[in-house]
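Have a look at the structure below, then the notes.
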Amino acid sequence: MDIPKKIKTKQLFRAVKPAELEQIKQTRTFQLSKQSVEGKYFSSKEGASQYARQAYRAFATIDGYEPYTIVKTSISEEHIDDSWKVVVDSGIETIVVPSTDLPKLATPKILNFCPLLLITSRSKQPKR
């Protein structure tokens with residue numbers, strides 16, 4: 001009797017603007033926008049939060065700016081190709097899922113919170 005192989009998955013997170021969030025709510029899938037041809041960028045929850053925070057700092061003063069929402073999905077690790085891995089925006093490790101592989105992603109889950117970034121310091125704090 002063969003024991004079924006357990007499939008390892010990788011959790012992926014994405015910071016999305018309101019228009020993409022609405023599309024996800026309607027279709028329960030990730031789809032390319034008209035401006036994108038290569039795929040969608042995903043990261044860890046910390047990476048997606050860092051991206052959302054950077055965007056907020058850069059654009060929050062612009063009229064009509066709306067904050068990002070974090071969306072969670074997953075994909076089988078066997079589908080991830082090393083060529084998908086890139087580093088963007090001040091060191092955020094990212095996976096670019098090509099448009100042809102977007103259907104392999106699990107149904108998106110919309111988070112109602114933004115995961116906190118863990119800030120660490122390599123230097124010791126002075127004793128008081």
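Just remember, in the structure tokens the first chain shown is A, the second B, etc., residues are 1-based per chain, and ligands are 1-based in the order shown.
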
**Request:** Skip stretch 91-94 of chain A itself and residues of its chain fewer than 5 positions away, then list as a VMD selection string all residues within 9 Å of it, counting only C-alpha atoms.
**Result:** chain A and resid 41 to 44 46 to 48 50 to 51 84 to 86

Generate a file of the selected residues that holds C-alpha atoms, formatted as a PDB file, in the first residue's frame.
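Generated file (again10.pdb):
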ATOM      1  CA  TYR A  41       4.643  39.794  -6.674  1.00  0.00           C
ATOM      2  CA  PHE A  42       4.266  37.932  -3.358  1.00  0.00           C
ATOM      3  CA  SER A  43       6.341  37.895  -0.187  1.00  0.00           C
ATOM      4  CA  SER A  44       6.304  36.832   3.434  1.00  0.00           C
ATOM      5  CA  GLU A  46       6.557  40.768   6.959  1.00  0.00           C
ATOM      6  CA  GLY A  47       7.650  41.594   3.410  1.00  0.00           C
ATOM      7  CA  ALA A  48       4.116  42.465   2.303  1.00  0.00           C
ATOM      8  CA  GLN A  50       6.993  46.362   4.771  1.00  0.00           C
ATOM      9  CA  TYR A  51       5.945  47.122   1.192  1.00  0.00           C
ATOM     10  CA  TRP A  84      10.770  33.430  -9.497  1.00  0.00           C
ATOM     11  CA  LYS A  85      12.822  34.655  -6.516  1.00  0.00           C
ATOM     12  CA  VAL A  86      13.881  38.310  -6.541  1.00  0.00           C
TER      13      VAL A  86
END

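Here the residues within chain A that DSSP labels alpha helix (DSSP H) on the basis of the backbone are Pro18, Ala19, Glu20, Leu21, Glu22, Gln23, Ile24, Lys25, Gln26, Thr27, Lys45, Glu46, Gly47, Ala48, Ser49, Gln50, Tyr51, Ala52, Arg53, Gln54, Ala55, Tyr56, Arg57, Ala58 and Phe59 of chain A.
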
**Request:** Would you kindly return, as a PyMOL selection string, each protein, DNA or RNA residue with an atom no farther than 12 Å from any atom of A:Gln31, considering only C-alpha atoms and excluding same-chain residues fewer than 4 positions away?
**Result:** chain A and resi 16+19-27+35-41+97-105+107-108

Kindly export the residues of the current selection with C-alpha atoms, as a CSV table (one decimal), in the first residue's frame.
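What landed in part-v7.csv:
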chain,number,residue,atom,x,y,z
A,16,VAL,CA,-3.1,45.1,-2.7
A,19,ALA,CA,-9.1,48.1,-6.9
A,20,GLU,CA,-7.3,44.7,-6.8
A,21,LEU,CA,-9.0,44.0,-3.4
A,22,GLU,CA,-12.4,44.4,-5.0
A,23,GLN,CA,-11.4,42.1,-7.9
A,24,ILE,CA,-10.3,39.5,-5.4
A,25,LYS,CA,-13.6,39.8,-3.5
A,26,GLN,CA,-15.5,39.3,-6.7
A,27,THR,CA,-13.5,36.5,-8.4
A,35,GLN,CA,-0.7,47.2,-16.9
A,36,SER,CA,1.0,43.9,-15.9
A,37,VAL,CA,2.2,41.2,-18.2
A,38,GLU,CA,4.7,39.2,-16.2
A,39,GLY,CA,2.9,38.1,-13.1
A,40,LYS,CA,2.2,39.0,-9.4
A,41,TYR,CA,4.6,39.8,-6.7
A,97,VAL,CA,4.4,34.1,-9.8
A,98,PRO,CA,4.1,34.2,-13.6
A,99,SER,CA,0.7,34.9,-15.1
A,100,THR,CA,0.5,31.3,-16.4
A,101,ASP,CA,0.9,30.0,-12.8
A,102,LEU,CA,-1.6,32.3,-11.0
A,103,PRO,CA,-4.3,29.5,-11.2
A,104,LYS,CA,-2.0,27.3,-9.1
A,105,LEU,CA,-2.4,29.7,-6.1
A,107,THR,CA,-8.0,30.9,-2.9
A,108,PRO,CA,-6.9,34.3,-1.5

**Long-range neighbours of A:Lys10 as a PyMOL selection string, 12 Å cut-off, only C-alpha atoms, 2 positions minimum in chain** = chain A and resi 7-8+12-13+42-45+72-80+95+104-106

Would you write out those residues with C-alpha atoms, as a PDB file, in the first residue's frame?
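Saved as selection-v7.pdb:
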ATOM      1  CA  ILE A   7       2.416  18.181  -0.310  1.00  0.00           C
ATOM      2  CA  LYS A   8       4.465  21.036   1.141  1.00  0.00           C
ATOM      3  CA  LEU A  12       2.536  33.896   0.270  1.00  0.00           C
ATOM      4  CA  PHE A  13       1.308  37.381   1.069  1.00  0.00           C
ATOM      5  CA  PHE A  42       4.266  37.932  -3.358  1.00  0.00           C
ATOM      6  CA  SER A  43       6.341  37.895  -0.187  1.00  0.00           C
ATOM      7  CA  SER A  44       6.304  36.832   3.434  1.00  0.00           C
ATOM      8  CA  LYS A  45       3.768  38.526   5.701  1.00  0.00           C
ATOM      9  CA  LYS A  72      -2.749  35.626   1.970  1.00  0.00           C
ATOM     10  CA  THR A  73      -2.500  32.620  -0.365  1.00  0.00           C
ATOM     11  CA  SER A  74      -0.301  29.561  -0.804  1.00  0.00           C
ATOM     12  CA  ILE A  75       1.230  27.444  -3.533  1.00  0.00           C
ATOM     13  CA  SER A  76       2.755  23.987  -3.647  1.00  0.00           C
ATOM     14  CA  GLU A  77       6.516  24.282  -3.128  1.00  0.00           C
ATOM     15  CA  GLU A  78       7.092  21.951  -6.081  1.00  0.00           C
ATOM     16  CA  HIS A  79       5.682  24.655  -8.394  1.00  0.00           C
ATOM     17  CA  ILE A  80       8.106  27.366  -7.245  1.00  0.00           C
ATOM     18  CA  ILE A  95       8.436  35.583  -5.393  1.00  0.00           C
ATOM     19  CA  LYS A 104      -2.012  27.308  -9.063  1.00  0.00           C
ATOM     20  CA  LEU A 105      -2.410  29.680  -6.104  1.00  0.00           C
ATOM     21  CA  ALA A 106      -4.868  28.816  -3.342  1.00  0.00           C
TER      22      ALA A 106
END

**Message:** Based on the backbone DSSP call, show me all residues of chain A assigned strand (DSSP E), as a VMD selection string.
**Reply:** chain A and resid 9 to 16 39 to 43 69 to 76 85 to 88 92 to 98 109 to 110

With N, CA and C atoms retained, export the selected residues as a CSV table (one decimal), in the first residue's frame.
chain,number,residue,atom,x,y,z
A,9,THR,N,3.5,23.2,1.2
A,9,THR,CA,3.0,24.5,0.5
A,9,THR,C,3.8,25.6,1.2
A,10,LYS,N,3.9,26.7,0.4
A,10,LYS,CA,4.5,27.9,0.9
A,10,LYS,C,3.4,29.0,1.0
A,11,GLN,N,3.3,29.6,2.2
A,11,GLN,CA,2.4,30.7,2.3
A,11,GLN,C,3.0,32.0,1.7
A,12,LEU,N,2.1,32.7,1.0
A,12,LEU,CA,2.5,33.9,0.3
A,12,LEU,C,1.6,35.0,0.7
A,13,PHE,N,2.1,36.2,0.7
A,13,PHE,CA,1.3,37.4,1.1
A,13,PHE,C,1.5,38.5,0.0
A,14,ARG,N,0.5,39.3,-0.1
A,14,ARG,CA,0.6,40.4,-1.1
A,14,ARG,C,-0.1,41.6,-0.6
A,15,ALA,N,0.4,42.8,-0.7
A,15,ALA,CA,-0.2,44.0,-0.4
A,15,ALA,C,-1.0,44.5,-1.6
A,16,VAL,N,-2.3,44.7,-1.5
A,16,VAL,CA,-3.1,45.1,-2.7
A,16,VAL,C,-3.8,46.4,-2.4
A,39,GLY,N,3.5,38.9,-14.2
A,39,GLY,CA,2.9,38.1,-13.1
A,39,GLY,C,2.6,39.0,-11.9
A,40,LYS,N,2.5,38.3,-10.7
A,40,LYS,CA,2.2,39.0,-9.4
A,40,LYS,C,3.3,38.8,-8.5
A,41,TYR,N,3.6,39.8,-7.7
A,41,TYR,CA,4.6,39.8,-6.7
A,41,TYR,C,4.1,39.4,-5.3
A,42,PHE,N,4.7,38.4,-4.7
A,42,PHE,CA,4.3,37.9,-3.4
A,42,PHE,C,5.5,37.9,-2.5
A,43,SER,N,5.3,37.9,-1.1
A,43,SER,CA,6.3,37.9,-0.2
A,43,SER,C,5.9,37.2,1.1
A,69,THR,N,-4.2,46.6,1.6
A,69,THR,CA,-4.7,45.5,2.4
A,69,THR,C,-3.8,44.3,2.1
A,70,ILE,N,-3.6,43.5,3.1
A,70,ILE,CA,-2.7,42.3,3.0
A,70,ILE,C,-3.6,41.1,2.7
A,71,VAL,N,-3.2,40.3,1.6
A,71,VAL,CA,-4.0,39.2,1.2
A,71,VAL,C,-3.0,38.0,1.3
A,72,LYS,N,-3.5,36.8,1.8
A,72,LYS,CA,-2.7,35.6,2.0
A,72,LYS,C,-3.2,34.6,1.0
A,73,THR,N,-2.2,33.8,0.5
A,73,THR,CA,-2.5,32.6,-0.4
A,73,THR,C,-1.4,31.6,-0.1
A,74,SER,N,-1.4,30.5,-0.9
A,74,SER,CA,-0.3,29.6,-0.8
A,74,SER,C,-0.2,28.9,-2.2
A,75,ILE,N,1.0,28.2,-2.3
A,75,ILE,CA,1.2,27.4,-3.5
A,75,ILE,C,2.1,26.2,-3.1
A,76,SER,N,1.9,25.2,-3.9
A,76,SER,CA,2.8,24.0,-3.6
A,76,SER,C,4.2,24.3,-3.9
A,85,LYS,N,12.4,34.0,-7.7
A,85,LYS,CA,12.8,34.7,-6.5
A,85,LYS,C,13.6,35.9,-6.9
A,86,VAL,N,13.2,37.0,-6.3
A,86,VAL,CA,13.9,38.3,-6.5
A,86,VAL,C,13.8,39.1,-5.2
A,87,VAL,N,14.7,40.1,-5.2
A,87,VAL,CA,14.7,41.1,-4.0
A,87,VAL,C,14.3,42.4,-4.6
A,88,VAL,N,13.3,43.1,-4.0
A,88,VAL,CA,12.8,44.4,-4.4
A,88,VAL,C,12.7,45.4,-3.3
A,92,ILE,N,13.3,43.5,0.1
A,92,ILE,CA,12.1,42.6,0.4
A,92,ILE,C,12.3,41.4,-0.5
A,93,GLU,N,12.4,40.2,0.1
A,93,GLU,CA,12.5,39.0,-0.6
A,93,GLU,C,11.1,38.7,-1.2
A,94,THR,N,11.1,38.4,-2.5
A,94,THR,CA,9.8,38.3,-3.2
A,94,THR,C,9.8,37.1,-4.1
A,95,ILE,N,8.6,36.6,-4.4
A,95,ILE,CA,8.4,35.6,-5.4
A,95,ILE,C,7.5,36.2,-6.4
A,96,VAL,N,7.9,36.2,-7.7
A,96,VAL,CA,7.1,36.6,-8.8
A,96,VAL,C,6.4,35.4,-9.4
A,97,VAL,N,5.1,35.3,-9.2
A,97,VAL,CA,4.4,34.1,-9.8
A,97,VAL,C,4.0,34.5,-11.2
A,98,PRO,N,4.5,33.8,-12.2
A,98,PRO,CA,4.1,34.2,-13.6
A,98,PRO,C,2.6,34.1,-13.8
A,109,LYS,N,-7.1,34.8,0.9
A,109,LYS,CA,-7.8,35.1,2.1
A,109,LYS,C,-7.4,36.6,2.5
A,110,ILE,N,-8.4,37.4,2.6
A,110,ILE,CA,-8.2,38.8,3.0
A,110,ILE,C,-8.0,38.9,4.5

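Using only C-alpha atoms for every distance, the candidate list A:Lys6, A:Asn112, A:Pro18, A:Ser49 yields A:Pro18 as the residue closest to A:Gly64.
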